[in-house]
Every structure is written in C-alpha cells, then in structure tokens.
Amino acid sequence: MRSRRTEDLHAPVQEGHVSSAICHLGNISYRLGQPGRLRACAEALGSHPAVTEGFERVVDSLKGIDVDLDKTPFTLGPWLELDPAGGDIVKVGAGDVAQLDQARRLARGTHRAPFTMPV
C-alpha cells in the first residue's frame with residue numbers, strides 16, 4: 001500500500017477487503033454478545049453447517065489445551081445481516097433496533113478530523 005503498486009500486494013485488494021471486513025464484523029458481533037454456555041452456543045449455531053464445523057474445531061482445540069469449557073463461558077453474539085451492494089449492516093439478530101444502532105456505530109468507528117468517515 002505504501003508504494004501504491006498493486007504488484008507489491010500479497011493479495012488482490014478486494015480479497016483483502018473482504019478478509020478484514022469478516023474480522024471486523026466478528027468483533028462487532030462479539031462486542032454486542034452475551035456470555036453463553038457451550039450447549040447454548042452450539043444450539044444457536046445449529047442451522048448453519050459451515051459455522052457449526054468451525055465452532056466444533058474451536059471447541060476441540062480448547063479441549064486439547066485443557067480449557068475447562070464448563071467454567072469458561074463463550075460469548076454468543078448476534079447474527080449481522082449486510083446489504084450486499086453497499087456493505088452496510090441492515091439487521092442485527094432478531095431485529096433489535098438499539099443493537100443495530102450500536103453495531104453501525106462500532107462499524108463506523110471513532111476517528112479524528114480529517115480522518116472521519118462519511119455518514
């Protein structure tokens with residue numbers, strides 16, 4: 001990015017954008033989430049096979065390093081729905097308006113002038 005030469009990038013710009021956006025959205029969901037036990041988290045993810053598979057790998061890894069999952073709560077965040085055209089968060093969980101406002105604030109971030117984000 002500093003050289004402004006695309007051949008210096010390790011991945012195409014769009015791929016880097018999507019990869020970092022997924023991390024940011026995960027963090028937003030986490031910050032909006034609530035502590036939950038293993039079973040409640042697994043049940044909430046039950047209808048999403050790809051997510052369930054990833055969650056099972058995380059659980060296996062934690063068990064492998066002797067984390068007591070009965071004493072260590074997970075954080076279960078709400079599902080975030082995006083507008084595919086603009087990338088805006090359009091729905092949070094079951095439609096909680098307060099959480100939607102908070103998610104949008106977290107996505108926008110806080111920036112000092114002149115690095116502010118357009119609304």
# chains A, B, ... in the order shown; residues from 1 in each chain; ligands from 1
call {"tool": "select_by_dssp", "arguments": {"residues": "range 1-106 of chain A", "states": "helix (DSSP H, G or I)", "output": "PDB file with N, CA, C and O atoms, in the first residue's frame"}}
result
ATOM      1  N   THR A   6       0.286  -2.237  -7.222  1.00  0.00           N
ATOM      2  CA  THR A   6      -0.510  -3.436  -6.963  1.00  0.00           C
ATOM      3  C   THR A   6       0.348  -4.696  -6.941  1.00  0.00           C
ATOM      4  O   THR A   6       0.026  -5.649  -6.235  1.00  0.00           O
ATOM      5  N   GLU A   7       1.442  -4.713  -7.663  1.00  0.00           N
ATOM      6  CA  GLU A   7       2.291  -5.910  -7.668  1.00  0.00           C
ATOM      7  C   GLU A   7       3.009  -6.122  -6.330  1.00  0.00           C
ATOM      8  O   GLU A   7       3.542  -7.203  -6.063  1.00  0.00           O
ATOM      9  N   ASP A   8       3.008  -5.126  -5.455  1.00  0.00           N
ATOM     10  CA  ASP A   8       3.606  -5.281  -4.127  1.00  0.00           C
ATOM     11  C   ASP A   8       2.629  -5.887  -3.111  1.00  0.00           C
ATOM     12  O   ASP A   8       3.031  -6.249  -2.001  1.00  0.00           O
ATOM     13  N   VAL A  13      -6.820  -6.517  -3.836  1.00  0.00           N
ATOM     14  CA  VAL A  13      -7.433  -5.559  -2.917  1.00  0.00           C
ATOM     15  C   VAL A  13      -8.798  -6.044  -2.439  1.00  0.00           C
ATOM     16  O   VAL A  13      -9.093  -5.989  -1.240  1.00  0.00           O
ATOM     17  N   GLN A  14      -9.637  -6.523  -3.335  1.00  0.00           N
ATOM     18  CA  GLN A  14     -10.979  -6.971  -2.958  1.00  0.00           C
ATOM     19  C   GLN A  14     -10.902  -8.119  -1.949  1.00  0.00           C
ATOM     20  O   GLN A  14     -11.645  -8.157  -0.978  1.00  0.00           O
ATOM     21  N   GLU A  15      -9.996  -9.053  -2.158  1.00  0.00           N
ATOM     22  CA  GLU A  15      -9.842 -10.183  -1.243  1.00  0.00           C
ATOM     23  C   GLU A  15      -9.397  -9.702   0.142  1.00  0.00           C
ATOM     24  O   GLU A  15      -9.894 -10.159   1.171  1.00  0.00           O
ATOM     25  N   GLY A  16      -8.473  -8.766   0.178  1.00  0.00           N
ATOM     26  CA  GLY A  16      -8.029  -8.204   1.448  1.00  0.00           C
ATOM     27  C   GLY A  16      -9.144  -7.468   2.162  1.00  0.00           C
ATOM     28  O   GLY A  16      -9.279  -7.553   3.387  1.00  0.00           O
ATOM     29  N   HIS A  17      -9.961  -6.747   1.401  1.00  0.00           N
ATOM     30  CA  HIS A  17     -11.090  -6.016   1.982  1.00  0.00           C
ATOM     31  C   HIS A  17     -12.080  -6.982   2.620  1.00  0.00           C
ATOM     32  O   HIS A  17     -12.503  -6.791   3.775  1.00  0.00           O
ATOM     33  N   VAL A  18     -12.454  -8.038   1.891  1.00  0.00           N
ATOM     34  CA  VAL A  18     -13.430  -8.999   2.406  1.00  0.00           C
ATOM     35  C   VAL A  18     -12.866  -9.703   3.643  1.00  0.00           C
ATOM     36  O   VAL A  18     -13.557  -9.870   4.649  1.00  0.00           O
ATOM     37  N   SER A  19     -11.598 -10.103   3.583  1.00  0.00           N
ATOM     38  CA  SER A  19     -10.980 -10.797   4.717  1.00  0.00           C
ATOM     39  C   SER A  19     -10.978  -9.928   5.968  1.00  0.00           C
ATOM     40  O   SER A  19     -11.299 -10.398   7.066  1.00  0.00           O
ATOM     41  N   SER A  20     -10.612  -8.680   5.829  1.00  0.00           N
ATOM     42  CA  SER A  20     -10.581  -7.809   7.011  1.00  0.00           C
ATOM     43  C   SER A  20     -11.996  -7.455   7.473  1.00  0.00           C
ATOM     44  O   SER A  20     -12.250  -7.349   8.678  1.00  0.00           O
ATOM     45  N   ALA A  21     -12.934  -7.308   6.544  1.00  0.00           N
ATOM     46  CA  ALA A  21     -14.317  -6.996   6.922  1.00  0.00           C
ATOM     47  C   ALA A  21     -14.923  -8.115   7.754  1.00  0.00           C
ATOM     48  O   ALA A  21     -15.646  -7.855   8.727  1.00  0.00           O
ATOM     49  N   ILE A  22     -14.614  -9.365   7.419  1.00  0.00           N
ATOM     50  CA  ILE A  22     -15.131 -10.503   8.189  1.00  0.00           C
ATOM     51  C   ILE A  22     -14.627 -10.433   9.630  1.00  0.00           C
ATOM     52  O   ILE A  22     -15.377 -10.657  10.580  1.00  0.00           O
ATOM     53  N   CYS A  23     -13.361 -10.100   9.794  1.00  0.00           N
ATOM     54  CA  CYS A  23     -12.801  -9.960  11.154  1.00  0.00           C
ATOM     55  C   CYS A  23     -13.493  -8.836  11.915  1.00  0.00           C
ATOM     56  O   CYS A  23     -13.847  -8.992  13.093  1.00  0.00           O
ATOM     57  N   HIS A  24     -13.693  -7.696  11.262  1.00  0.00           N
ATOM     58  CA  HIS A  24     -14.347  -6.561  11.913  1.00  0.00           C
ATOM     59  C   HIS A  24     -15.783  -6.905  12.309  1.00  0.00           C
ATOM     60  O   HIS A  24     -16.241  -6.564  13.404  1.00  0.00           O
ATOM     61  N   LEU A  25     -16.504  -7.585  11.426  1.00  0.00           N
ATOM     62  CA  LEU A  25     -17.887  -7.953  11.727  1.00  0.00           C
ATOM     63  C   LEU A  25     -17.949  -8.951  12.879  1.00  0.00           C
ATOM     64  O   LEU A  25     -18.834  -8.874  13.734  1.00  0.00           O
ATOM     65  N   GLY A  26     -16.998  -9.880  12.920  1.00  0.00           N
ATOM     66  CA  GLY A  26     -16.935 -10.808  14.045  1.00  0.00           C
ATOM     67  C   GLY A  26     -16.710 -10.076  15.356  1.00  0.00           C
ATOM     68  O   GLY A  26     -17.323 -10.394  16.382  1.00  0.00           O
ATOM     69  N   ASN A  27     -15.837  -9.079  15.344  1.00  0.00           N
ATOM     70  CA  ASN A  27     -15.587  -8.291  16.550  1.00  0.00           C
ATOM     71  C   ASN A  27     -16.806  -7.485  16.972  1.00  0.00           C
ATOM     72  O   ASN A  27     -17.096  -7.345  18.167  1.00  0.00           O
ATOM     73  N   ILE A  28     -17.532  -6.955  15.996  1.00  0.00           N
ATOM     74  CA  ILE A  28     -18.753  -6.200  16.320  1.00  0.00           C
ATOM     75  C   ILE A  28     -19.776  -7.130  16.967  1.00  0.00           C
ATOM     76  O   ILE A  28     -20.355  -6.799  17.997  1.00  0.00           O
ATOM     77  N   SER A  29     -19.983  -8.306  16.379  1.00  0.00           N
ATOM     78  CA  SER A  29     -20.926  -9.262  16.950  1.00  0.00           C
ATOM     79  C   SER A  29     -20.500  -9.661  18.360  1.00  0.00           C
ATOM     80  O   SER A  29     -21.321  -9.731  19.274  1.00  0.00           O
ATOM     81  N   TYR A  30     -19.205  -9.897  18.540  1.00  0.00           N
ATOM     82  CA  TYR A  30     -18.683 -10.246  19.864  1.00  0.00           C
ATOM     83  C   TYR A  30     -18.977  -9.140  20.880  1.00  0.00           C
ATOM     84  O   TYR A  30     -19.423  -9.413  21.996  1.00  0.00           O
ATOM     85  N   ARG A  31     -18.755  -7.904  20.504  1.00  0.00           N
ATOM     86  CA  ARG A  31     -18.968  -6.779  21.432  1.00  0.00           C
ATOM     87  C   ARG A  31     -20.442  -6.595  21.774  1.00  0.00           C
ATOM     88  O   ARG A  31     -20.775  -6.060  22.836  1.00  0.00           O
ATOM     89  N   LEU A  32     -21.330  -7.034  20.903  1.00  0.00           N
ATOM     90  CA  LEU A  32     -22.763  -6.957  21.172  1.00  0.00           C
ATOM     91  C   LEU A  32     -23.282  -8.194  21.896  1.00  0.00           C
ATOM     92  O   LEU A  32     -24.428  -8.225  22.333  1.00  0.00           O
ATOM     93  N   LEU A  38     -21.521 -23.578  26.487  1.00  0.00           N
ATOM     94  CA  LEU A  38     -21.177 -24.337  25.287  1.00  0.00           C
ATOM     95  C   LEU A  38     -22.418 -24.850  24.565  1.00  0.00           C
ATOM     96  O   LEU A  38     -22.568 -24.666  23.362  1.00  0.00           O
ATOM     97  N   ARG A  39     -23.310 -25.476  25.296  1.00  0.00           N
ATOM     98  CA  ARG A  39     -24.510 -26.068  24.675  1.00  0.00           C
ATOM     99  C   ARG A  39     -25.392 -25.000  24.025  1.00  0.00           C
ATOM    100  O   ARG A  39     -25.870 -25.164  22.911  1.00  0.00           O
ATOM    101  N   ALA A  40     -25.582 -23.850  24.702  1.00  0.00           N
ATOM    102  CA  ALA A  40     -26.416 -22.778  24.146  1.00  0.00           C
ATOM    103  C   ALA A  40     -25.801 -22.236  22.866  1.00  0.00           C
ATOM    104  O   ALA A  40     -26.519 -21.966  21.893  1.00  0.00           O
ATOM    105  N   CYS A  41     -24.488 -22.092  22.847  1.00  0.00           N
ATOM    106  CA  CYS A  41     -23.810 -21.595  21.641  1.00  0.00           C
ATOM    107  C   CYS A  41     -23.942 -22.596  20.504  1.00  0.00           C
ATOM    108  O   CYS A  41     -24.246 -22.228  19.373  1.00  0.00           O
ATOM    109  N   ALA A  42     -23.725 -23.869  20.805  1.00  0.00           N
ATOM    110  CA  ALA A  42     -23.834 -24.914  19.778  1.00  0.00           C
ATOM    111  C   ALA A  42     -25.247 -24.957  19.208  1.00  0.00           C
ATOM    112  O   ALA A  42     -25.425 -25.089  17.991  1.00  0.00           O
ATOM    113  N   GLU A  43     -26.252 -24.829  20.060  1.00  0.00           N
ATOM    114  CA  GLU A  43     -27.647 -24.849  19.590  1.00  0.00           C
ATOM    115  C   GLU A  43     -27.953 -23.633  18.727  1.00  0.00           C
ATOM    116  O   GLU A  43     -28.654 -23.730  17.722  1.00  0.00           O
ATOM    117  N   ALA A  44     -27.422 -22.473  19.090  1.00  0.00           N
ATOM    118  CA  ALA A  44     -27.672 -21.254  18.310  1.00  0.00           C
ATOM    119  C   ALA A  44     -27.041 -21.349  16.926  1.00  0.00           C
ATOM    120  O   ALA A  44     -27.546 -20.752  15.972  1.00  0.00           O
ATOM    121  N   LEU A  45     -25.973 -22.102  16.794  1.00  0.00           N
ATOM    122  CA  LEU A  45     -25.291 -22.234  15.510  1.00  0.00           C
ATOM    123  C   LEU A  45     -25.784 -23.425  14.705  1.00  0.00           C
ATOM    124  O   LEU A  45     -25.376 -23.607  13.564  1.00  0.00           O
ATOM    125  N   PRO A  49     -24.359 -25.073   8.949  1.00  0.00           N
ATOM    126  CA  PRO A  49     -23.351 -26.137   8.949  1.00  0.00           C
ATOM    127  C   PRO A  49     -21.897 -25.664   8.885  1.00  0.00           C
ATOM    128  O   PRO A  49     -21.055 -26.183   9.612  1.00  0.00           O
ATOM    129  N   ALA A  50     -21.587 -24.689   8.087  1.00  0.00           N
ATOM    130  CA  ALA A  50     -20.197 -24.233   7.981  1.00  0.00           C
ATOM    131  C   ALA A  50     -19.732 -23.603   9.284  1.00  0.00           C
ATOM    132  O   ALA A  50     -18.598 -23.807   9.725  1.00  0.00           O
ATOM    133  N   VAL A  51     -20.618 -22.854   9.936  1.00  0.00           N
ATOM    134  CA  VAL A  51     -20.278 -22.222  11.209  1.00  0.00           C
ATOM    135  C   VAL A  51     -20.159 -23.284  12.293  1.00  0.00           C
ATOM    136  O   VAL A  51     -19.250 -23.242  13.124  1.00  0.00           O
ATOM    137  N   THR A  52     -21.053 -24.259  12.285  1.00  0.00           N
ATOM    138  CA  THR A  52     -21.014 -25.339  13.271  1.00  0.00           C
ATOM    139  C   THR A  52     -19.706 -26.102  13.180  1.00  0.00           C
ATOM    140  O   THR A  52     -19.081 -26.416  14.197  1.00  0.00           O
ATOM    141  N   GLU A  53     -19.253 -26.377  11.976  1.00  0.00           N
ATOM    142  CA  GLU A  53     -17.984 -27.093  11.779  1.00  0.00           C
ATOM    143  C   GLU A  53     -16.814 -26.293  12.368  1.00  0.00           C
ATOM    144  O   GLU A  53     -15.962 -26.845  13.063  1.00  0.00           O
ATOM    145  N   GLY A  54     -16.786 -25.005  12.091  1.00  0.00           N
ATOM    146  CA  GLY A  54     -15.724 -24.158  12.643  1.00  0.00           C
ATOM    147  C   GLY A  54     -15.781 -24.100  14.158  1.00  0.00           C
ATOM    148  O   GLY A  54     -14.749 -24.153  14.837  1.00  0.00           O
ATOM    149  N   PHE A  55     -16.986 -24.006  14.714  1.00  0.00           N
ATOM    150  CA  PHE A  55     -17.158 -23.965  16.164  1.00  0.00           C
ATOM    151  C   PHE A  55     -16.668 -25.264  16.791  1.00  0.00           C
ATOM    152  O   PHE A  55     -15.987 -25.247  17.821  1.00  0.00           O
ATOM    153  N   GLU A  56     -16.970 -26.393  16.165  1.00  0.00           N
ATOM    154  CA  GLU A  56     -16.510 -27.686  16.684  1.00  0.00           C
ATOM    155  C   GLU A  56     -14.986 -27.758  16.699  1.00  0.00           C
ATOM    156  O   GLU A  56     -14.398 -28.298  17.647  1.00  0.00           O
ATOM    157  N   ARG A  57     -14.331 -27.204  15.683  1.00  0.00           N
ATOM    158  CA  ARG A  57     -12.861 -27.195  15.658  1.00  0.00           C
ATOM    159  C   ARG A  57     -12.305 -26.332  16.790  1.00  0.00           C
ATOM    160  O   ARG A  57     -11.315 -26.691  17.421  1.00  0.00           O
ATOM    161  N   VAL A  58     -12.948 -25.195  17.045  1.00  0.00           N
ATOM    162  CA  VAL A  58     -12.509 -24.335  18.150  1.00  0.00           C
ATOM    163  C   VAL A  58     -12.664 -25.077  19.478  1.00  0.00           C
ATOM    164  O   VAL A  58     -11.758 -25.070  20.317  1.00  0.00           O
ATOM    165  N   VAL A  59     -13.806 -25.721  19.683  1.00  0.00           N
ATOM    166  CA  VAL A  59     -14.054 -26.469  20.918  1.00  0.00           C
ATOM    167  C   VAL A  59     -13.004 -27.569  21.089  1.00  0.00           C
ATOM    168  O   VAL A  59     -12.432 -27.732  22.166  1.00  0.00           O
ATOM    169  N   ASP A  60     -12.727 -28.321  20.021  1.00  0.00           N
ATOM    170  CA  ASP A  60     -11.716 -29.377  20.096  1.00  0.00           C
ATOM    171  C   ASP A  60     -10.345 -28.806  20.444  1.00  0.00           C
ATOM    172  O   ASP A  60      -9.604 -29.390  21.239  1.00  0.00           O
ATOM    173  N   SER A  61     -10.004 -27.668  19.863  1.00  0.00           N
ATOM    174  CA  SER A  61      -8.713 -27.038  20.159  1.00  0.00           C
ATOM    175  C   SER A  61      -8.633 -26.614  21.621  1.00  0.00           C
ATOM    176  O   SER A  61      -7.602 -26.813  22.281  1.00  0.00           O
ATOM    177  N   LEU A  62      -9.715 -26.035  22.133  1.00  0.00           N
ATOM    178  CA  LEU A  62      -9.730 -25.601  23.530  1.00  0.00           C
ATOM    179  C   LEU A  62      -9.629 -26.793  24.483  1.00  0.00           C
ATOM    180  O   LEU A  62      -8.914 -26.748  25.478  1.00  0.00           O
ATOM    181  N   LYS A  63     -10.334 -27.863  24.151  1.00  0.00           N
ATOM    182  CA  LYS A  63     -10.235 -29.069  24.976  1.00  0.00           C
ATOM    183  C   LYS A  63      -8.808 -29.619  24.919  1.00  0.00           C
ATOM    184  O   LYS A  63      -8.289 -30.114  25.924  1.00  0.00           O
ATOM    185  N   GLY A  64      -8.186 -29.524  23.752  1.00  0.00           N
ATOM    186  CA  GLY A  64      -6.822 -30.019  23.571  1.00  0.00           C
ATOM    187  C   GLY A  64      -5.795 -29.293  24.420  1.00  0.00           C
ATOM    188  O   GLY A  64      -4.728 -29.846  24.713  1.00  0.00           O
ATOM    189  N   VAL A  97     -33.481  -2.813  17.275  1.00  0.00           N
ATOM    190  CA  VAL A  97     -33.081  -1.521  16.707  1.00  0.00           C
ATOM    191  C   VAL A  97     -31.922  -0.905  17.485  1.00  0.00           C
ATOM    192  O   VAL A  97     -31.000  -0.327  16.896  1.00  0.00           O
ATOM    193  N   ALA A  98     -31.921  -1.035  18.808  1.00  0.00           N
ATOM    194  CA  ALA A  98     -30.837  -0.477  19.615  1.00  0.00           C
ATOM    195  C   ALA A  98     -29.514  -1.166  19.275  1.00  0.00           C
ATOM    196  O   ALA A  98     -28.474  -0.504  19.156  1.00  0.00           O
ATOM    197  N   GLN A  99     -29.544  -2.490  19.118  1.00  0.00           N
ATOM    198  CA  GLN A  99     -28.327  -3.208  18.745  1.00  0.00           C
ATOM    199  C   GLN A  99     -27.884  -2.845  17.336  1.00  0.00           C
ATOM    200  O   GLN A  99     -26.691  -2.764  17.066  1.00  0.00           O
ATOM    201  N   LEU A 100     -28.830  -2.613  16.441  1.00  0.00           N
ATOM    202  CA  LEU A 100     -28.484  -2.200  15.085  1.00  0.00           C
ATOM    203  C   LEU A 100     -27.765  -0.855  15.107  1.00  0.00           C
ATOM    204  O   LEU A 100     -26.726  -0.683  14.461  1.00  0.00           O
ATOM    205  N   ASP A 101     -28.273   0.085  15.882  1.00  0.00           N
ATOM    206  CA  ASP A 101     -27.615   1.391  16.009  1.00  0.00           C
ATOM    207  C   ASP A 101     -26.209   1.240  16.577  1.00  0.00           C
ATOM    208  O   ASP A 101     -25.257   1.849  16.093  1.00  0.00           O
ATOM    209  N   GLN A 102     -26.068   0.418  17.611  1.00  0.00           N
ATOM    210  CA  GLN A 102     -24.758   0.199  18.221  1.00  0.00           C
ATOM    211  C   GLN A 102     -23.804  -0.479  17.232  1.00  0.00           C
ATOM    212  O   GLN A 102     -22.625  -0.093  17.137  1.00  0.00           O
ATOM    213  N   ALA A 103     -24.281  -1.449  16.490  1.00  0.00           N
ATOM    214  CA  ALA A 103     -23.438  -2.134  15.501  1.00  0.00           C
ATOM    215  C   ALA A 103     -22.951  -1.157  14.439  1.00  0.00           C
ATOM    216  O   ALA A 103     -21.779  -1.186  14.037  1.00  0.00           O
ATOM    217  N   ARG A 104     -23.835  -0.285  14.003  1.00  0.00           N
ATOM    218  CA  ARG A 104     -23.438   0.708  12.995  1.00  0.00           C
ATOM    219  C   ARG A 104     -22.413   1.691  13.558  1.00  0.00           C
ATOM    220  O   ARG A 104     -21.483   2.083  12.859  1.00  0.00           O
ATOM    221  N   ARG A 105     -22.578   2.077  14.820  1.00  0.00           N
ATOM    222  CA  ARG A 105     -21.581   2.963  15.448  1.00  0.00           C
ATOM    223  C   ARG A 105     -20.226   2.260  15.547  1.00  0.00           C
ATOM    224  O   ARG A 105     -19.184   2.856  15.269  1.00  0.00           O
ATOM    225  N   LEU A 106     -20.232   1.002  15.930  1.00  0.00           N
ATOM    226  CA  LEU A 106     -18.990   0.252  16.032  1.00  0.00           C
ATOM    227  C   LEU A 106     -18.332   0.082  14.658  1.00  0.00           C
ATOM    228  O   LEU A 106     -17.106   0.157  14.533  1.00  0.00           O
TER     229      LEU A 106
END
call {"tool": "select_by_dssp", "arguments": {"residues": "chain A", "states": "strand (DSSP E or B)", "output": "PyMOL selection string"}}
result
chain A and resi 34-36+74-76+80-82+89-92
call {"tool": "atom_distance", "arguments": {"atom1": "CA of Trp79 in chain A", "atom2": "CA of His48 in chain A"}}
result
11.2 Å
call {"tool": "atom_distance", "arguments": {"atom1": "CA of His111 in chain A", "atom2": "CA of Gly33 in chain A"}}
result
23.9 Å
call {"tool": "closest_residue", "arguments": {"among": "A:Gly93, A:Arg4, A:Arg37, A:Arg108", "to": "Gly77 in chain A", "atoms": "only C-alpha atoms"}}
result
A:Gly93
call {"tool": "atom_distance", "arguments": {"atom1": "CA of Ala94 in chain A", "atom2": "CA of Thr75 in chain A"}}
result
17.2 Å
